[in-house]
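Inspection log for the structure reproduced underneath, given as structure tokens.
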Amino acid sequence: MCSSTKSNGRHRYTLDFYTLALVVARITRDPVADTFERTVGRLALAARLLADDRGRLPHLGDDDGGVLRPLTARCVDDVRDSLGVAAALVDRDDLRVGALPEEALWMLAHPIFAAATESRLKGEGAVAEKPARRRRQTPRTGWTSAALPETGYYVSRSGDGTHLVIDGGPHGYQNCGHAHADALSLTLTVRGLPLLIDPGTACYTSDLALRNRMRSTAMHNTVTIDRRPQSTPTGPFHWSQIAHARVERWRTNDGFDYFGGVHDGYAPLAHRRHVLAIHRDLLIVADCIAGTDAHDVAVHWHLDPRWKVEILGNRASLTSMTERVGFFAPRGSIDLLLADSESGLGWYSPVYGRVEPTRTMRVRHEDVVPFWMVSVFDLTPDNAVTDVDWAPVWAEAGTLDQSMALRISRKQSTDYFAIADVKVGARSDASVTPSWRIAEFETDAHMLFCRTGGQRQLLRLALVDGSSVRSPGRRGVQLMLPQVAPDLHLDLSGAVRIAGPAFGAQLIVNGRECGVSPERRGVPRS
């Protein structure tokens with residue numbers, strides 16, 4: 001469904017070439033038009049999923065800045081023109097972002113397309129959208145979180161325009177010529193404004209050192225170990241060694257999205273990344289480095305140049321003209337790099353042929369592995385995060401393999417986040433899953449997130465691959481499911497709302513049983 005080259009720029013090229021071919025086939029009444037239409041529909045669907053709610057594609061893989069039809073002064077990241085043309089050709093308005101773009105009127109000027117363009121213009125009650133027009137607010141869309149598993153892109157969306165793209169797929173296609181060393185990297189747009197970016201391509205053959213630097217692991221939002229890349233280039237379009245990534249978990253529902261993946265680029269060491277996105281609220285990225293001996297581990301976060309950074313110990317304040325995001329790293333030292341000549345960090349390429357300064361946050365820690373590196377992004381101005389600390393995970397000796405837990409302090413509440421994997425062979429009874437505990441919450445889940453109020457009452461709960469959660473006391477909770485649920489979200493801040501497969505669940509809160517009916521369960525996000 002998505003270009004196998006692992007390049008958003010190449011994917012857009014492919015979509016534009018096929019839309020042009022479909023236009024010609026329709027005009028000439030070529031019977032191949034039906035085949036082209038199906039292909040355009042699939043390519044446009046993938047592009048729409050990867051684009052944020054303002055129609056911008058993140059720089060994933062190579063992007064040489066070229067466009068098939070430069071009819072207006074549209075930014076090369078803005079894919080609204082390609083989606084608008086495709087939407088009219090395949091009669092799917094949901095693929096379009098905003099009004100019908102001006103380019104669509106040029107591309108579809110033949111009389112055979114008059115009905116498609118005129119009906120859309122009349123329905124909007126306005127002329128075609130000019131590319132320079134700016135929106136004050138992020139447009140509302142019906143698109144939700146989804147995956148493109150064949151190419152390994154996993155997209156988390158929130159209703160406020162927050163957009164997260166995670167790369168958990170193969171390195172590339174054949175010689176991987178347009179791929180980057182970016183396994184398990186991610187990009188993030190917050191309420192319509194890019195925050196974590198892929199720094200881009202810069203060049204192909206004119207400067208091999210720059211070419212290799214821009215596609216290196218350190219230039220992506222992921223982990224390096226011992227200052228080495230996870231994949232090694234040889235020449236501008238080849239690689240001598242590549243990382244193989246594997247997605248272990250992908251869960252989506254109305255309350256949160258969860259991703260878990262691993263790659264072997266540092267074998268015999270393993271890098272596992274867990275990502276929890278609480279919609280409109282919080283992003284937690286937990287990286288586990290497993291193996292032996294001491295290693296220098298660094299997590300890189302490349303910021304859009306519109307953001308300023310103030311570092312205060314193990315935290316940072318990220319601010320733009322309209323937004324503020326809190327950042328916390330409970331382990332490691334945070335370095336802020338801007339146009340740094342020694343490391344090569346603090347640069348980005350907005351378009352092919354240009355390299356400009358930006359800010360990079362690097363969190364480094366050296367110790368004997370295994371250990372965890374965690375990054376917490378506070379995405380909401382309400383009930384702000386004030387501190388993040390490690391918390392113990394309690395379990396029977398020999399039960400768990402890798403585990404970690406955090407205590408996230410907020411102005412008005414406290415969050416607990418934990419990941420635990422049961423050790424192979426730890427189950428004496430295959431029918432019973434061992435349980436573990438963080439704070440007062442006992443569970444058998446792989447992942448647990450809990451939010452408690454000022455009087456320790458449970459306000460919010462999210463779990464992955466679990467069947468029970470219990471806490472003692474008058475304000476305790478007991479959640480029992482008839483079988484292991486892949487994902488479940490419970491919101492107790494108002495009326496009880498559950499998202500996920502909760503049929504047959506028993507829920508007791510504050511000593512009272514709460515009925516779980518289909519009307520109270522949220523619909524899982526596709």
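Chain labels A, B, ... are given in the sequence in which chains occur in the structure tokens; within each chain residues are numbered consecutively from 1, and ligands are likewise numbered from 1 in the order shown.
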Near stretch 471-483 of chain A, within 7 Å and counting only C-alpha atoms, which residues show up once chain neighbours fewer than 3 positions away are dropped, as a list in words?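 Once the adjacent positions are removed, what remains is Glu440, Phe441, Glu442, Gln457, Ser467, Ser468, Ala502, Gly504, Ala505, Gln506, Leu507, Ile508, Val509, Asn510 and Gly511 of chain A.
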For the selection just defined, write its residues with all heavy atoms to a file, as a JSON list (two decimals), in the first residue's frame.
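Saved the output as again_16.json:
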```
[["chain", "number", "residue", "atom", "x", "y", "z"],
["A", 440, "GLU", "N", 0.01, 0.60, 44.51],
["A", 440, "GLU", "CA", -1.01, -0.27, 45.07],
["A", 440, "GLU", "C", -1.74, -1.11, 44.03],
["A", 440, "GLU", "O", -2.68, -1.85, 44.36],
["A", 440, "GLU", "CB", -2.05, 0.55, 45.86],
["A", 440, "GLU", "CG", -2.87, 1.50, 45.00],
["A", 440, "GLU", "CD", -2.31, 2.90, 44.95],
["A", 440, "GLU", "OE1", -1.07, 3.02, 44.91],
["A", 440, "GLU", "OE2", -3.10, 3.86, 44.93],
["A", 441, "PHE", "N", -1.31, -1.03, 42.77],
["A", 441, "PHE", "CA", -2.04, -1.70, 41.68],
["A", 441, "PHE", "C", -1.36, -3.01, 41.31],
["A", 441, "PHE", "O", -0.19, -3.04, 40.91],
["A", 441, "PHE", "CB", -2.12, -0.78, 40.47],
["A", 441, "PHE", "CG", -2.85, 0.50, 40.74],
["A", 441, "PHE", "CD1", -2.15, 1.67, 40.99],
["A", 441, "PHE", "CD2", -4.24, 0.53, 40.77],
["A", 441, "PHE", "CE1", -2.82, 2.86, 41.26],
["A", 441, "PHE", "CE2", -4.91, 1.70, 41.03],
["A", 441, "PHE", "CZ", -4.20, 2.87, 41.28],
["A", 442, "GLU", "N", -2.12, -4.10, 41.43],
["A", 442, "GLU", "CA", -1.64, -5.43, 41.05],
["A", 442, "GLU", "C", -2.31, -5.85, 39.75],
["A", 442, "GLU", "O", -3.53, -5.69, 39.59],
["A", 442, "GLU", "CB", -1.95, -6.44, 42.15],
["A", 442, "GLU", "CG", -1.41, -7.84, 41.85],
["A", 442, "GLU", "CD", -1.71, -8.83, 42.96],
["A", 442, "GLU", "OE1", -2.24, -8.41, 44.01],
["A", 442, "GLU", "OE2", -1.42, -10.02, 42.77],
["A", 457, "GLN", "N", -7.89, 8.09, 44.56],
["A", 457, "GLN", "CA", -8.93, 7.44, 43.77],
["A", 457, "GLN", "C", -8.47, 7.29, 42.32],
["A", 457, "GLN", "O", -7.77, 8.13, 41.79],
["A", 457, "GLN", "CB", -10.24, 8.25, 43.83],
["A", 457, "GLN", "CG", -10.27, 9.53, 43.01],
["A", 457, "GLN", "CD", -9.67, 10.73, 43.73],
["A", 457, "GLN", "OE1", -8.88, 10.58, 44.63],
["A", 457, "GLN", "NE2", -10.07, 11.92, 43.31],
["A", 467, "SER", "N", -5.71, -9.18, 32.03],
["A", 467, "SER", "CA", -7.08, -9.59, 32.34],
["A", 467, "SER", "C", -7.54, -9.12, 33.71],
["A", 467, "SER", "O", -8.70, -9.32, 34.06],
["A", 467, "SER", "CB", -7.19, -11.12, 32.29],
["A", 467, "SER", "OG", -6.38, -11.72, 33.29],
["A", 468, "SER", "N", -6.65, -8.48, 34.48],
["A", 468, "SER", "CA", -7.08, -8.07, 35.82],
["A", 468, "SER", "C", -6.23, -6.90, 36.32],
["A", 468, "SER", "O", -5.05, -6.77, 36.00],
["A", 468, "SER", "CB", -6.96, -9.23, 36.81],
["A", 468, "SER", "OG", -5.61, -9.59, 37.01],
["A", 502, "ALA", "N", -14.29, -5.30, 26.27],
["A", 502, "ALA", "CA", -14.60, -5.46, 27.69],
["A", 502, "ALA", "C", -15.86, -6.29, 27.93],
["A", 502, "ALA", "O", -16.42, -6.25, 29.02],
["A", 502, "ALA", "CB", -14.77, -4.08, 28.33],
["A", 504, "GLY", "N", -18.20, -8.89, 29.21],
["A", 504, "GLY", "CA", -18.11, -9.81, 30.34],
["A", 504, "GLY", "C", -17.24, -9.31, 31.47],
["A", 504, "GLY", "O", -16.96, -10.05, 32.41],
["A", 505, "ALA", "N", -16.82, -8.05, 31.41],
["A", 505, "ALA", "CA", -15.95, -7.51, 32.45],
["A", 505, "ALA", "C", -16.72, -7.28, 33.74],
["A", 505, "ALA", "O", -17.89, -6.91, 33.73],
["A", 505, "ALA", "CB", -15.32, -6.20, 31.98],
["A", 506, "GLN", "N", -16.03, -7.47, 34.86],
["A", 506, "GLN", "CA", -16.56, -7.11, 36.17],
["A", 506, "GLN", "C", -15.73, -5.97, 36.71],
["A", 506, "GLN", "O", -14.51, -6.07, 36.85],
["A", 506, "GLN", "CB", -16.50, -8.30, 37.13],
["A", 506, "GLN", "CG", -17.06, -7.97, 38.52],
["A", 506, "GLN", "CD", -16.87, -9.10, 39.50],
["A", 506, "GLN", "OE1", -15.94, -9.88, 39.37],
["A", 506, "GLN", "NE2", -17.75, -9.19, 40.49],
["A", 507, "LEU", "N", -16.41, -4.85, 37.02],
["A", 507, "LEU", "CA", -15.71, -3.66, 37.46],
["A", 507, "LEU", "C", -16.29, -3.17, 38.78],
["A", 507, "LEU", "O", -17.50, -2.90, 38.87],
["A", 507, "LEU", "CB", -15.83, -2.55, 36.40],
["A", 507, "LEU", "CG", -15.24, -1.18, 36.77],
["A", 507, "LEU", "CD1", -13.73, -1.29, 36.99],
["A", 507, "LEU", "CD2", -15.56, -0.16, 35.68],
["A", 508, "ILE", "N", -15.45, -3.10, 39.82],
["A", 508, "ILE", "CA", -15.85, -2.60, 41.13],
["A", 508, "ILE", "C", -14.98, -1.40, 41.47],
["A", 508, "ILE", "O", -13.74, -1.50, 41.49],
["A", 508, "ILE", "CB", -15.71, -3.68, 42.22],
["A", 508, "ILE", "CG1", -16.60, -4.88, 41.87],
["A", 508, "ILE", "CG2", -16.06, -3.13, 43.58],
["A", 508, "ILE", "CD1", -16.44, -6.05, 42.83],
["A", 509, "VAL", "N", -15.62, -0.26, 41.69],
["A", 509, "VAL", "CA", -14.91, 0.98, 42.00],
["A", 509, "VAL", "C", -15.49, 1.56, 43.28],
["A", 509, "VAL", "O", -16.71, 1.69, 43.42],
["A", 509, "VAL", "CB", -15.03, 2.00, 40.84],
["A", 509, "VAL", "CG1", -14.28, 3.28, 41.19],
["A", 509, "VAL", "CG2", -14.52, 1.40, 39.54],
["A", 510, "ASN", "N", -14.60, 1.90, 44.23],
["A", 510, "ASN", "CA", -15.03, 2.47, 45.50],
["A", 510, "ASN", "C", -16.08, 1.60, 46.20],
["A", 510, "ASN", "O", -17.03, 2.10, 46.80],
["A", 510, "ASN", "CB", -15.59, 3.89, 45.30],
["A", 510, "ASN", "CG", -14.55, 4.83, 44.73],
["A", 510, "ASN", "OD1", -13.35, 4.65, 44.94],
["A", 510, "ASN", "ND2", -15.01, 5.83, 43.99],
["A", 511, "GLY", "N", -15.91, 0.27, 46.07],
["A", 511, "GLY", "CA", -16.81, -0.66, 46.73],
["A", 511, "GLY", "C", -18.13, -0.88, 46.02],
["A", 511, "GLY", "O", -18.97, -1.62, 46.52]]
```
Give me, as a ChimeraX atom specification, the residues of stretch 110-256 of chain A that a backbone DSSP run labels strand (DSSP E). /A:146-148,153-157,163-167,186-190,193-196,223-225,232-233,239-241,245-252,256
Those residues you just picked out, can you put them in a file as a short mmCIF file (atom, residue, chain, number, x, y, z; two decimals), in the first residue's frame with N, CA, C and O atoms?
```cif
data_model
loop_
_atom_site.label_atom_id
_atom_site.label_comp_id
_atom_site.auth_asym_id
_atom_site.auth_seq_id
_atom_site.Cartn_x
_atom_site.Cartn_y
_atom_site.Cartn_z
N ALA A 146 -3.92 4.05 12.76
CA ALA A 146 -3.91 2.90 11.85
C ALA A 146 -2.48 2.53 11.53
O ALA A 146 -1.54 3.25 11.85
N ALA A 147 -2.31 1.39 10.86
CA ALA A 147 -0.98 0.90 10.52
C ALA A 147 -0.89 0.56 9.05
O ALA A 147 -1.89 0.22 8.40
N LEU A 148 0.33 0.68 8.52
CA LEU A 148 0.67 0.19 7.18
C LEU A 148 1.70 -0.92 7.40
O LEU A 148 2.91 -0.71 7.28
N TYR A 153 4.95 1.27 8.94
CA TYR A 153 4.64 2.57 9.53
C TYR A 153 3.38 2.45 10.38
O TYR A 153 2.35 1.92 9.92
N TYR A 154 3.46 2.97 11.60
CA TYR A 154 2.37 2.90 12.56
C TYR A 154 2.02 4.32 12.97
O TYR A 154 2.88 5.06 13.44
N VAL A 155 0.77 4.69 12.76
CA VAL A 155 0.34 6.08 12.88
C VAL A 155 -0.66 6.22 14.02
O VAL A 155 -1.71 5.58 14.02
N SER A 156 -0.31 7.06 14.99
CA SER A 156 -1.20 7.38 16.11
C SER A 156 -1.75 8.78 15.91
O SER A 156 -1.00 9.73 15.66
N ARG A 157 -3.08 8.93 16.03
CA ARG A 157 -3.73 10.22 15.85
C ARG A 157 -4.60 10.54 17.04
O ARG A 157 -5.27 9.66 17.61
N HIS A 163 -0.20 14.00 15.90
CA HIS A 163 0.04 12.99 14.87
C HIS A 163 1.42 12.39 15.08
O HIS A 163 2.43 13.10 15.09
N LEU A 164 1.48 11.08 15.29
CA LEU A 164 2.71 10.37 15.61
C LEU A 164 2.91 9.26 14.58
O LEU A 164 2.01 8.47 14.34
N VAL A 165 4.10 9.22 13.96
CA VAL A 165 4.43 8.17 12.99
C VAL A 165 5.65 7.41 13.50
O VAL A 165 6.70 8.03 13.77
N ILE A 166 5.53 6.09 13.64
CA ILE A 166 6.61 5.24 14.15
C ILE A 166 7.04 4.29 13.03
O ILE A 166 6.20 3.70 12.35
N ASP A 167 8.35 4.13 12.86
CA ASP A 167 8.90 3.24 11.84
C ASP A 167 9.29 1.93 12.49
O ASP A 167 10.28 1.85 13.22
N LEU A 186 10.73 7.89 15.22
CA LEU A 186 9.38 8.43 15.15
C LEU A 186 9.41 9.92 14.84
O LEU A 186 10.44 10.58 15.02
N THR A 187 8.29 10.43 14.37
CA THR A 187 8.08 11.87 14.21
C THR A 187 6.79 12.23 14.94
O THR A 187 5.89 11.39 15.09
N LEU A 188 6.69 13.49 15.39
CA LEU A 188 5.54 13.90 16.19
C LEU A 188 5.12 15.31 15.82
O LEU A 188 5.94 16.24 15.80
N THR A 189 3.84 15.47 15.52
CA THR A 189 3.21 16.77 15.35
C THR A 189 2.25 16.99 16.51
O THR A 189 1.46 16.10 16.84
N VAL A 190 2.34 18.15 17.17
CA VAL A 190 1.50 18.45 18.33
C VAL A 190 0.49 19.52 17.94
O VAL A 190 0.86 20.65 17.62
N LEU A 193 1.34 21.39 14.82
CA LEU A 193 2.67 21.98 14.70
C LEU A 193 3.73 20.88 14.84
O LEU A 193 3.80 20.23 15.89
N PRO A 194 4.57 20.66 13.82
CA PRO A 194 5.62 19.64 13.94
C PRO A 194 6.54 19.93 15.13
O PRO A 194 6.99 21.06 15.32
N LEU A 195 6.83 18.89 15.92
CA LEU A 195 7.74 19.01 17.05
C LEU A 195 8.98 18.15 16.83
O LEU A 195 10.09 18.67 16.74
N LEU A 196 8.82 16.84 16.74
CA LEU A 196 9.93 15.93 16.49
C LEU A 196 9.96 15.62 15.00
O LEU A 196 9.00 15.08 14.46
N VAL A 223 17.67 5.54 19.00
CA VAL A 223 18.77 5.28 19.93
C VAL A 223 20.03 4.90 19.16
O VAL A 223 19.97 4.14 18.19
N THR A 224 21.19 5.43 19.61
CA THR A 224 22.49 4.92 19.18
C THR A 224 23.18 4.27 20.37
O THR A 224 22.97 4.65 21.52
N ILE A 225 23.98 3.26 20.07
CA ILE A 225 24.76 2.56 21.10
C ILE A 225 26.23 2.66 20.74
O ILE A 225 26.63 2.34 19.61
N THR A 232 24.90 0.32 8.35
CA THR A 232 26.16 0.91 7.86
C THR A 232 26.09 1.12 6.36
O THR A 232 25.91 0.16 5.60
N PRO A 233 26.25 2.37 5.88
CA PRO A 233 26.18 2.63 4.44
C PRO A 233 27.49 2.30 3.73
O PRO A 233 28.57 2.31 4.33
N TRP A 239 24.16 -0.29 1.28
CA TRP A 239 24.45 -0.54 2.68
C TRP A 239 25.22 -1.84 2.81
O TRP A 239 24.91 -2.82 2.12
N SER A 240 26.21 -1.86 3.70
CA SER A 240 26.97 -3.09 3.93
C SER A 240 26.36 -3.93 5.04
O SER A 240 26.58 -5.14 5.11
N GLN A 241 25.58 -3.30 5.94
CA GLN A 241 24.92 -4.01 7.04
C GLN A 241 23.66 -3.23 7.39
O GLN A 241 23.67 -2.00 7.46
N ALA A 245 14.04 -4.87 11.79
CA ALA A 245 13.10 -4.52 12.85
C ALA A 245 11.90 -5.46 12.84
O ALA A 245 11.53 -6.01 11.79
N ARG A 246 11.31 -5.62 14.00
CA ARG A 246 10.12 -6.47 14.15
C ARG A 246 9.15 -5.82 15.12
O ARG A 246 9.55 -5.39 16.22
N VAL A 247 7.90 -5.72 14.74
CA VAL A 247 6.88 -5.15 15.62
C VAL A 247 6.28 -6.27 16.46
O VAL A 247 5.82 -7.28 15.94
N GLU A 248 6.31 -6.07 17.77
CA GLU A 248 5.80 -7.09 18.69
C GLU A 248 4.39 -6.79 19.16
O GLU A 248 3.62 -7.70 19.46
N ARG A 249 4.03 -5.50 19.24
CA ARG A 249 2.67 -5.13 19.67
C ARG A 249 2.27 -3.82 19.00
O ARG A 249 3.07 -2.90 18.88
N TRP A 250 1.00 -3.76 18.59
CA TRP A 250 0.38 -2.52 18.11
C TRP A 250 -1.07 -2.56 18.55
O TRP A 250 -1.84 -3.43 18.13
N ARG A 251 -1.45 -1.65 19.45
CA ARG A 251 -2.80 -1.61 19.99
C ARG A 251 -3.35 -0.20 19.83
O ARG A 251 -2.64 0.79 20.10
N THR A 252 -4.60 -0.10 19.44
CA THR A 252 -5.24 1.21 19.30
C THR A 252 -6.65 1.15 19.87
O THR A 252 -7.35 0.14 19.71
N PHE A 256 -6.07 5.40 23.94
CA PHE A 256 -4.61 5.39 23.81
C PHE A 256 -4.20 4.51 22.64
O PHE A 256 -4.98 3.70 22.13
#
```
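In terms of minimum interatomic distance to A:Gly61, A:Ala183 ranks closest within A:Ala183, A:Ala46, A:Leu89, A:Val97, counting only C-alpha atoms.
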Could you give me, as a ChimeraX atom specification, the residues within 10 Å of A:Ala267, counting only C-alpha atoms and dropping anything in the same chain fewer than 5 positions from it? /A:230,243,290-291
If you count only C-alpha atoms, which residues fall within 6 Å of stretch 334-338 of chain A, apart from same-chain ones fewer than 2 positions away, as a compact mmCIF listing (two decimals) with N, CA and C atoms, in the first residue's frame?
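Produced file around.txt, reproduced below:
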```
# COMPACT_ATOMS: atom_id res chain seq x y z
N ASP A 340 26.02 21.96 15.74
CA ASP A 340 27.23 21.49 16.40
C ASP A 340 28.15 20.81 15.38
N GLY A 346 22.11 18.97 15.42
CA GLY A 346 21.61 20.34 15.44
C GLY A 346 21.48 20.94 14.06
N THR A 358 19.06 23.75 13.57
CA THR A 358 17.90 23.51 14.42
C THR A 358 18.42 22.95 15.74
N ARG A 359 17.54 22.59 16.63
CA ARG A 359 17.95 22.11 17.95
C ARG A 359 17.75 20.60 18.05
N THR A 360 18.72 19.96 18.65
CA THR A 360 18.65 18.52 18.94
C THR A 360 18.87 18.31 20.43
N MET A 361 17.97 17.57 21.07
CA MET A 361 18.18 17.13 22.45
C MET A 361 18.74 15.71 22.42
N ARG A 362 19.84 15.51 23.13
CA ARG A 362 20.44 14.19 23.22
C ARG A 362 20.51 13.78 24.69
N VAL A 363 19.95 12.63 25.00
CA VAL A 363 19.96 12.10 26.37
C VAL A 363 20.93 10.92 26.39
```
Which is closest to A:Thr319 among A:Pro149, A:Tyr266, A:Leu379, A:Val275, if we use only C-alpha atoms?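 Under the stated criterion, the closest residue is A:Leu379.
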Using the chain letters and numbers from this document, which residues of stretch 61-253 of chain A does DSSP assign to alpha helix (DSSP H), as an MDAnalysis selection string? chainID A and resid 80:90 102:107 114:124 208:214
Counting only C-alpha atoms, which of A:Arg437, A:Arg315, A:Arg38, A:His274 gets nearest to A:Asp389?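 So, comparing all the options, the nearest one is A:Arg315.
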I'd like a table as a Markdown table: residues in stretch 40-135 of chain A with an atom no more than 7 Å from stretch 4-13 of chain A, each row giving the shortest atom pair and its distance in Å to one decimal, only C-alpha atoms counted, sorted by chain and rising residue number.
```
| residue | atom | partner | partner_atom | distance |
| --- | --- | --- | --- | --- |
| A:His59 | CA | A:Asn8 | CA | 6.5 |
| A:Leu60 | CA | A:Ser7 | CA | 5.4 |
| A:Gly61 | CA | A:Ser7 | CA | 4.2 |
| A:Asp62 | CA | A:Ser7 | CA | 5.3 |
| A:Asp63 | CA | A:Gly9 | CA | 4.7 |
| A:Val67 | CA | A:Tyr13 | CA | 6.9 |
| A:Leu68 | CA | A:Tyr13 | CA | 6.7 |
```
Using N, CA, C and O atoms, can you export the residues from the last selection as a CSV table (one decimal), in the first residue's frame?
```csv
chain,number,residue,atom,x,y,z
A,59,HIS,N,9.4,13.9,6.8
A,59,HIS,CA,10.5,13.4,6.0
A,59,HIS,C,10.9,12.1,6.4
A,59,HIS,O,11.7,11.9,7.3
A,60,LEU,N,10.4,11.0,5.8
A,60,LEU,CA,10.8,9.7,6.1
A,60,LEU,C,11.6,9.1,4.9
A,60,LEU,O,11.1,9.1,3.8
A,61,GLY,N,12.8,8.7,5.2
A,61,GLY,CA,13.6,8.2,4.0
A,61,GLY,C,14.1,9.4,3.2
A,61,GLY,O,14.0,10.6,3.6
A,62,ASP,N,14.6,9.1,2.0
A,62,ASP,CA,15.1,10.2,1.1
A,62,ASP,C,13.9,11.0,0.6
A,62,ASP,O,12.8,10.6,0.3
A,63,ASP,N,14.3,12.3,0.4
A,63,ASP,CA,13.3,13.3,-0.1
A,63,ASP,C,14.2,14.3,-0.9
A,63,ASP,O,14.9,15.1,-0.2
A,67,VAL,N,8.9,17.7,-7.3
A,67,VAL,CA,7.4,17.5,-7.4
A,67,VAL,C,7.1,17.3,-8.9
A,67,VAL,O,7.8,17.8,-9.8
A,68,LEU,N,6.1,16.5,-9.2
A,68,LEU,CA,5.8,16.2,-10.6
A,68,LEU,C,5.1,17.4,-11.3
A,68,LEU,O,5.4,17.7,-12.4
```
Find, counting only C-alpha atoms, the residue in A:Trp372, A:Trp390, A:Tyr348, A:Trp307 that gets nearest to A:Val285.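 For A:Val285, the nearest of the given residues is A:Trp372.
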In terms of only C-alpha atoms, the residue from A:Asp287, A:Asp382, A:Asp281, A:Asp465 at minimal distance from A:Asp421 is A:Asp465
So what do you get for atom CA of A:His295 versus atom CA of A:Gly313, distance-wise? 22.3 Å
So that I can see what lies close to A:Asn221, please list as an mmCIF file with N, CA, C and O atoms, in the first residue's frame the residues with an atom at most 6 Å from it, counting only C-alpha atoms and leaving out residues fewer than 2 positions away in the same chain.
```cif
data_model
loop_
_atom_site.group_PDB
_atom_site.id
_atom_site.type_symbol
_atom_site.label_atom_id
_atom_site.label_comp_id
_atom_site.auth_asym_id
_atom_site.auth_seq_id
_atom_site.Cartn_x
_atom_site.Cartn_y
_atom_site.Cartn_z
ATOM 1 N N SER A 185 12.483 4.718 14.799
ATOM 2 C CA SER A 185 12.423 6.170 14.977
ATOM 3 C C SER A 185 10.973 6.636 14.856
ATOM 4 O O SER A 185 10.084 5.884 14.435
ATOM 5 N N LEU A 186 10.727 7.894 15.224
ATOM 6 C CA LEU A 186 9.378 8.429 15.145
ATOM 7 C C LEU A 186 9.414 9.919 14.841
ATOM 8 O O LEU A 186 10.435 10.584 15.021
ATOM 9 N N HIS A 300 18.090 10.405 20.802
ATOM 10 C CA HIS A 300 18.126 11.684 20.094
ATOM 11 C C HIS A 300 16.710 12.170 19.803
ATOM 12 O O HIS A 300 15.848 11.392 19.377
ATOM 13 N N TRP A 301 16.501 13.477 20.007
ATOM 14 C CA TRP A 301 15.227 14.113 19.684
ATOM 15 C C TRP A 301 15.520 15.375 18.871
ATOM 16 O O TRP A 301 16.070 16.335 19.383
#
```
Using only C-alpha atoms, which residues sit within 8 Å of A:Leu95 once same-chain residues fewer than 4 positions away are excluded, as a VMD selection string? chain A and resid 44 to 45 48 83 to 84 86 to 87
Give me a file of those residues, with C-alpha atoms, as a JSON list (two decimals), in the first residue's frame.
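Output (part_11.json):
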```json
[["chain", "number", "residue", "atom", "x", "y", "z"],
["A", 44, "ALA", "CA", -3.62, 7.94, -1.74],
["A", 45, "LEU", "CA", -4.89, 6.06, 1.30],
["A", 48, "ARG", "CA", -3.41, 10.32, 3.78],
["A", 83, "LEU", "CA", -4.54, 14.05, -2.27],
["A", 84, "GLY", "CA", -7.06, 16.49, -3.76],
["A", 86, "ALA", "CA", -6.59, 11.60, -6.18],
["A", 87, "ALA", "CA", -9.76, 12.13, -4.14]]
```
Quick one, how far is atom CA of A:Cys75 from atom CA of A:Gly177?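 Answer for the atom CA of A:Cys75 to atom CA of A:Gly177 separation: 24.6 Å.
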Within 7 Å of stretch 198-202 of chain A using only C-alpha atoms, minus same-chain residues under 6 positions, as a list in words: Pro58, His59, Leu60, Asp62, Asp63, Asp64, Thr187, Arg211, Met214, Arg215, Met219, His220, Tyr348, Ser349, Pro350, Val351, Tyr352, Gly353, Arg354 and Val355 of chain A
